[in-house]
$ cat run.txt   # compact mmCIF, C-alpha atoms
# COMPACT_ATOMS: atom_id res chain seq x y z
CA THR A 1 156.45 -29.30 254.04
CA LEU A 2 154.95 -31.02 257.04
CA GLY A 3 152.28 -28.41 257.75
CA TRP A 4 149.54 -30.99 257.28
CA LEU A 5 151.01 -32.99 260.16
CA ALA A 6 150.59 -30.14 262.62
CA GLN A 7 146.96 -29.70 261.53
CA SER A 8 145.92 -33.35 261.75
CA ALA A 9 143.99 -34.51 264.78
CA PRO A 10 145.80 -36.77 267.24
CA VAL A 11 144.91 -40.43 267.03
CA LYS A 12 143.42 -41.75 270.23
CA LEU A 13 143.39 -45.44 270.91
CA ALA A 14 141.31 -47.07 273.63
CA LEU A 15 142.42 -50.54 274.57
CA PRO A 16 140.00 -52.87 276.32
CA ALA A 17 140.51 -53.36 280.03
CA GLU A 18 142.35 -56.51 281.09
CA SER A 19 139.74 -59.03 282.14
CA ALA A 20 141.78 -62.22 282.39
CA THR A 21 143.54 -63.18 285.59
CA LEU A 22 146.46 -65.42 286.40
CA LYS A 23 145.71 -68.87 287.76
CA ALA A 24 145.52 -69.01 291.54
CA GLY A 25 148.39 -70.59 293.39
CA PRO A 26 151.29 -69.86 295.68
CA GLY A 27 153.13 -66.94 294.11
CA VAL A 28 150.28 -65.48 292.06
CA GLU A 29 150.75 -62.09 293.74
CA LEU A 30 154.43 -62.18 292.82
CA ALA A 31 153.62 -62.95 289.18
CA THR A 32 150.95 -60.26 289.10
CA ALA A 33 153.38 -57.67 290.46
CA ASN A 34 156.33 -58.66 288.28
CA CYS A 35 154.96 -60.08 285.04
CA LEU A 36 151.84 -58.04 284.39
CA THR A 37 153.70 -54.74 284.41
CA CYS A 38 154.88 -55.63 280.88
CA HIS A 39 152.78 -58.60 279.75
CA SER A 40 149.11 -59.43 279.52
CA VAL A 41 147.78 -62.54 281.23
CA GLU A 42 147.23 -63.99 277.76
CA TYR A 43 150.93 -63.63 276.96
CA ILE A 44 151.70 -65.94 279.86
CA SER A 45 148.75 -68.30 279.53
CA THR A 46 149.28 -68.91 275.81
CA GLN A 47 152.93 -69.90 276.15
CA PRO A 48 153.73 -73.56 275.53
CA LYS A 49 153.78 -75.62 278.73
CA LEU A 50 157.38 -75.07 279.78
CA THR A 51 159.39 -77.01 282.31
CA ARG A 52 160.54 -75.28 285.48
CA THR A 53 164.03 -75.10 283.98
CA ALA A 54 162.62 -73.29 280.93
CA TRP A 55 160.44 -70.96 283.04
CA LYS A 56 163.49 -70.12 285.18
CA ALA A 57 165.46 -69.33 282.02
CA SER A 58 162.62 -67.10 280.84
CA VAL A 59 162.50 -65.21 284.16
CA ASP A 60 166.30 -64.83 284.08
CA LYS A 61 166.07 -63.47 280.52
CA MET A 62 163.35 -60.98 281.46
CA LYS A 63 165.42 -59.79 284.41
CA GLY A 64 168.88 -59.80 282.82
CA LYS A 65 168.28 -58.98 279.18
CA PHE A 66 165.13 -56.86 279.32
CA GLY A 67 165.66 -55.22 282.72
CA ALA A 68 162.55 -56.50 284.50
CA PRO A 69 162.83 -55.22 288.07
CA ILE A 70 162.42 -58.66 289.67
CA PRO A 71 164.21 -58.82 293.03
CA ASP A 72 166.92 -61.50 293.11
CA ASP A 73 165.25 -63.27 296.02
CA GLN A 74 162.00 -63.60 294.04
CA VAL A 75 163.33 -65.24 290.86
CA GLU A 76 163.12 -68.84 292.14
CA LYS A 77 159.65 -68.29 293.64
CA LEU A 78 158.42 -66.78 290.40
CA ALA A 79 159.79 -69.72 288.39
CA ASP A 80 158.09 -72.09 290.86
CA TYR A 81 154.72 -70.39 290.37
CA LEU A 82 154.96 -70.31 286.58
CA ALA A 83 156.02 -73.96 286.39
CA ALA A 84 153.33 -75.11 288.82
CA THR A 85 150.49 -73.26 287.10
CA TYR A 86 151.56 -72.97 283.45
CA GLY A 87 154.18 -75.66 283.10
CA LYS A 88 155.00 -79.30 282.86
CA PRO A 89 157.40 -81.47 284.84
CA ASP A 90 161.10 -81.43 284.04
CA PRO A 91 162.16 -84.69 282.42
CA ALA A 92 163.79 -87.19 284.78
CA LYS A 93 167.51 -86.67 285.01

$ encode --input "run.txt" --output "structure tokens"
Amino acid sequence: TLGWLAQSAPVKLALPAESATLKAGPGVELATANCLTCHSVEYISTQPKLTRTAWKASVDKMKGKFGAPIPDDQVEKLADYLAATYGKPDPAK
């Protein structure tokens, strides 16, 4: 039987408060509002330095595949911020 389960005390976890912040720059408020609802700052800041094309693909994936509620008119601005603060230049075409 599972009687022991009903008698066991609930496990309480206390996570530390987020202390890191996103890098300042145009669009930081947008990233804070849209990215940090699911991710920690460290998740973003520890990513490899992606090109703008790669950051745009990541934002599109978060929106399309994972259902992130990023407004359509904010996708490009969000990719711009991420590329400018956590990225590297796209290779010359």

$ residues_around --input "run.txt" --residues "Gly25 in chain A" --least-positions-apart "3" --cutoff "10 Å" --atoms "only C-alpha atoms" --output "PyMOL selection string"
chain A and resi 22+28-29+81-82+84-85

$ atom_distance --input "run.txt" --atom1 "CA of Thr51 in chain A" --atom2 "CA of Lys88 in chain A"
5.0 Å

$ atom_distance --input "run.txt" --atom1 "CA of His39 in chain A" --atom2 "CA of Pro26 in chain A"
19.6 Å

$ atom_distance --input "run.txt" --atom1 "CA of Gly87 in chain A" --atom2 "CA of Phe66 in chain A"
22.1 Å

$ residues_near_point --input "run.txt" --point "(161.8, -64.6, 291.7)" --cutoff "9 Å" --atoms "all atoms listed in the file" --output "list in words"
Leu30, Ala31, Asn34, Lys56, Val59, Asp60, Ile70, Pro71, Asp72, Asp73, Gln74, Val75, Glu76, Lys77, Leu78, Ala79 and Asp80 of chain A

$ write_last_selection --input "run.txt" --atoms "C-alpha atoms" --output "CSV table (one decimal), in the frame of the given file"
chain,number,residue,atom,x,y,z
A,30,LEU,CA,154.4,-62.2,292.8
A,31,ALA,CA,153.6,-63.0,289.2
A,34,ASN,CA,156.3,-58.7,288.3
A,56,LYS,CA,163.5,-70.1,285.2
A,59,VAL,CA,162.5,-65.2,284.2
A,60,ASP,CA,166.3,-64.8,284.1
A,70,ILE,CA,162.4,-58.7,289.7
A,71,PRO,CA,164.2,-58.8,293.0
A,72,ASP,CA,166.9,-61.5,293.1
A,73,ASP,CA,165.2,-63.3,296.0
A,74,GLN,CA,162.0,-63.6,294.0
A,75,VAL,CA,163.3,-65.2,290.9
A,76,GLU,CA,163.1,-68.8,292.1
A,77,LYS,CA,159.6,-68.3,293.6
A,78,LEU,CA,158.4,-66.8,290.4
A,79,ALA,CA,159.8,-69.7,288.4
A,80,ASP,CA,158.1,-72.1,290.9

$ residues_around --input "run.txt" --residues "Tyr43 in chain A" --least-positions-apart "3" --cutoff "12 Å" --atoms "all atoms listed in the file" --output "JSON, numbers by chain"
{"A": [18, 20, 21, 22, 35, 36, 37, 38, 39, 40, 46, 47, 48, 86]}

$ closest_residue --input "run.txt" --among "A:Gly27, A:Ala92, A:Val41, A:Ala83" --to "Ala57 in chain A" --atoms "all atoms listed in the file"
A:Ala83

$ axis_aligned_box --input "run.txt" --around "range 30-46 of chain A" --padding-each-side "4 Å" --output "JSON"
{"center_x": 151.8, "center_y": -61.8, "center_z": 284.3, "size_x": 17.1, "size_y": 22.2, "size_z": 25.0}
